[in-house]
Amino acid sequence: MESVDVALFPAEALTIEADCYIVVDVLRATTTIATLFARGLADLVVCDDIQLARDRALTEGRLLFGEVGGLPPEGFDHGNSPVEVDRLDVAGKRALLFTTNGTAALCALGARDIVLTGALTNAAAVARAARNYRRVVVVCAGNGVGTRFSLEDFAAAGAIVERLARSDPPPALGDAALLARDASRNTDLIATSSHARLLTSLGLVDDVQFAMKADTSAAVPYVADSGAGWARLLDASKR
C-alpha cells in the first residue's frame with residue numbers, strides 16, 4: 001500500500017482516484033451491514049430510493065431493513081439497528097437496506113472498482129483486506145444525504161486509518177487521514193456527535209454503544225455489482 005486518505009463526503013471521494021474505497025456510516029448503516037453478514041446473510045442489496053427499495057424487496061423476496069429519520073418506515077420488516085440485527089436469524093437469507101445516508105453513499109460509489117464497507121465493528125478486518133491495494137480512500141457517508149460533515153464517521157474513518165497505518169512499510173497519509181487518525185483516539189467523539197444524540201433521543205442508545213465496540217466482526221462487505229440507484233453486497237470473508 002502506498003497511500004491512505006479520508007474523504008469527508010461521498011462527492012469528494014468521486015474526485016479522488018484510488019484502487020479501493022471504504023465507505024463508513026458508523027451510525028448505523030455500515031455497522032448494520034457488518035452485523036448482517038456476521039449473522040450469515042447471503043447477500044444484501046442497498047438502494048438510494050425508498051420506493052425502489054420497497055419494489056425490489058417485494059419482487060425479489062428480500063427482508064426489508066432501513067430507516068428514515070432514525071426509525072423504520074411503515075411496512076419495513078426491520079429497522080437499521082445493529083442491536084436488532086444481532087438477534088435475528090438471517091443465515092442464508094437475502095435482504096435489502098435503505099437508509100438516509102449510508103446506502104446513498106454506497107450507491108454513489110458502487111461503480112468504482114473496489115468498494116468495501118467499514119465500521120468500528122469490522123475495522124481490523126476491512127483494514128486487512130484493504131492492504132492489498134495501493135491507494136485507499138476511506139469515505140465518510142456524512143449527514144444530510146452526504147452534504148454535511150459527520151463527526152462520528154470521521155472518527156470511525158480514523159480508526160480504520162490507524163489500522164491501515166500499521167502496514168509494513170507504512171503508507172503515506174493525507175492531511176485528512178492524519179487528522180482523522182488523531183481524532184479517533186478520542187473515544188467520546190462518536191457518543192457526543194449530533195447523530196448519536198438524535199438516536200439516544202429516539203431510545204436507540206444501545207445502537208450507539210454497539211457501534212462503538214471495535215473489531216467484533218470479521219465481515220468484509222464489498223460491492224459485487226451495481227446499477228442506477230442500487231448496489232449488491234457480498235462478504236469477502238466468506239469467499
# chains A, B, ... in the order shown; residues from 1 in each chain; ligands from 1

$ select_by_dssp --residues "range 19-152 of chain A" --states "strand (DSSP E or B)" --output "ChimeraX atom specification"
/A:20-24,43-47,63-66,68,71,78,94-98,115-118,135-140,143,148

$ closest_atom_pairs --of "range 130-220 of chain A" --to "range 60-81 of chain A" --cutoff "9 Å" --atoms "only C-alpha atoms" --output "tab-separated table"
residue	atom	partner	partner_atom	distance
A:Leu198	CA	A:Gly70	CA	8.0
A:Leu199	CA	A:Gly70	CA	6.6
A:Leu202	CA	A:Gly70	CA	7.7
A:Leu204	CA	A:Ser81	CA	8.3
A:Asp207	CA	A:Ser81	CA	6.3

$ closest_atom_pairs --of "range 26-136 of chain A" --to "range 171-176 of chain A" --cutoff "12 Å" --atoms "only C-alpha atoms" --output "Markdown table"
| residue | atom | partner | partner_atom | distance |
| --- | --- | --- | --- | --- |
| A:Ala130 | CA | A:Pro171 | CA | 11.8 |
| A:Arg131 | CA | A:Pro171 | CA | 9.5 |
| A:Asn132 | CA | A:Pro171 | CA | 12.0 |
| A:Tyr133 | CA | A:Pro171 | CA | 10.9 |
| A:Arg134 | CA | A:Pro171 | CA | 8.8 |
| A:Arg135 | CA | A:Pro171 | CA | 8.9 |
| A:Val136 | CA | A:Pro171 | CA | 9.6 |

$ write_last_selection --atoms "N, CA and C atoms" --output "PDB file, in the first residue's frame"
ATOM      1  N   ALA A 130      -8.007  -4.207   2.817  1.00  0.00           N
ATOM      2  CA  ALA A 130      -7.627  -3.036   2.018  1.00  0.00           C
ATOM      3  C   ALA A 130      -6.120  -2.935   1.812  1.00  0.00           C
ATOM      4  N   ARG A 131      -5.338  -3.632   2.624  1.00  0.00           N
ATOM      5  CA  ARG A 131      -3.875  -3.569   2.472  1.00  0.00           C
ATOM      6  C   ARG A 131      -3.406  -4.151   1.143  1.00  0.00           C
ATOM      7  N   ASN A 132      -4.283  -4.846   0.452  1.00  0.00           N
ATOM      8  CA  ASN A 132      -3.919  -5.430  -0.848  1.00  0.00           C
ATOM      9  C   ASN A 132      -3.912  -4.403  -1.981  1.00  0.00           C
ATOM     10  N   TYR A 133      -4.312  -3.154  -1.672  1.00  0.00           N
ATOM     11  CA  TYR A 133      -4.454  -2.131  -2.719  1.00  0.00           C
ATOM     12  C   TYR A 133      -3.477  -0.987  -2.489  1.00  0.00           C
ATOM     13  N   ARG A 134      -3.081  -0.327  -3.577  1.00  0.00           N
ATOM     14  CA  ARG A 134      -2.056   0.713  -3.499  1.00  0.00           C
ATOM     15  C   ARG A 134      -2.573   1.998  -2.876  1.00  0.00           C
ATOM     16  N   ARG A 135      -3.728   2.468  -3.355  1.00  0.00           N
ATOM     17  CA  ARG A 135      -4.260   3.752  -2.901  1.00  0.00           C
ATOM     18  C   ARG A 135      -5.649   3.526  -2.311  1.00  0.00           C
ATOM     19  N   VAL A 136      -5.802   3.847  -1.040  1.00  0.00           N
ATOM     20  CA  VAL A 136      -7.056   3.598  -0.321  1.00  0.00           C
ATOM     21  C   VAL A 136      -7.646   4.933   0.137  1.00  0.00           C
TER      22      VAL A 136
END

$ select_by_dssp --residues "range 168-227 of chain A" --states "helix (DSSP H, G or I)" --output "list in words"
Asp175, Ala176, Ala177, Leu178, Leu179, Ala180, Arg181, Asp182, Ala183, Ser184, Leu189, Ile190, Ala191, Thr192, Ser194, His195, Ala196, Arg197, Leu198, Leu199, Thr200, Ser201, Val205, Asp206, Asp207, Val208, Gln209, Phe210 and Ala211 of chain A

$ write_last_selection --atoms "C-alpha atoms" --output "tab-separated table (two decimals), in the first residue's frame"
chain	number	residue	atom	x	y	z
A	175	ASP	CA	-3.91	15.52	5.66
A	176	ALA	CA	-7.50	14.43	6.34
A	177	ALA	CA	-6.30	10.91	7.18
A	178	LEU	CA	-3.78	12.28	9.68
A	179	LEU	CA	-6.44	14.42	11.37
A	180	ALA	CA	-8.98	11.58	11.40
A	181	ARG	CA	-6.45	9.18	12.92
A	182	ASP	CA	-5.77	11.63	15.75
A	183	ALA	CA	-9.49	12.28	16.23
A	184	SER	CA	-10.24	8.56	16.52
A	189	LEU	CA	-16.44	11.64	19.78
A	190	ILE	CA	-18.93	9.14	18.41
A	191	ALA	CA	-21.13	9.21	21.51
A	192	THR	CA	-21.17	13.01	21.63
A	194	SER	CA	-25.21	15.16	16.93
A	195	HIS	CA	-26.42	11.96	15.28
A	196	ALA	CA	-25.66	9.92	18.39
A	197	ARG	CA	-27.72	12.41	20.40
A	198	LEU	CA	-30.60	12.01	17.94
A	199	LEU	CA	-30.50	8.23	18.22
A	200	THR	CA	-30.37	8.48	22.01
A	201	SER	CA	-33.43	10.75	21.99
A	205	VAL	CA	-28.68	4.41	22.74
A	206	ASP	CA	-27.94	0.66	22.64
A	207	ASP	CA	-27.24	1.01	18.91
A	208	VAL	CA	-24.72	3.77	19.62
A	209	GLN	CA	-22.97	1.65	22.22
A	210	PHE	CA	-22.97	-1.38	19.90
A	211	ALA	CA	-21.42	0.68	17.10

$ residues_around --residues "Ala11 in chain A" --least-positions-apart "2" --cutoff "10 Å" --atoms "only C-alpha atoms" --output "list in words"
Ala7, Leu8, Phe9, Ala13, Leu14, Thr15, Ile16, Ala105, Ala108, Leu109, Val139, Ala141, Gly146 and Thr147 of chain A

$ write_last_selection --atoms "C-alpha atoms" --output "compact mmCIF listing (two decimals), in the first residue's frame"
# COMPACT_ATOMS: atom_id res chain seq x y z
CA ALA A 7 -12.90 11.91 2.02
CA LEU A 8 -15.28 13.93 4.17
CA PHE A 9 -18.18 13.45 1.74
CA ALA A 13 -14.44 10.75 -2.91
CA LEU A 14 -15.65 10.73 -6.52
CA THR A 15 -12.91 13.24 -7.36
CA ILE A 16 -10.11 11.11 -5.84
CA ALA A 105 -23.04 6.83 -0.40
CA ALA A 108 -22.84 6.78 -5.50
CA LEU A 109 -19.54 4.90 -5.33
CA VAL A 139 -15.18 7.74 2.69
CA ALA A 141 -21.07 8.96 4.37
CA GLY A 146 -23.90 13.27 2.28
CA THR A 147 -23.96 17.06 2.31
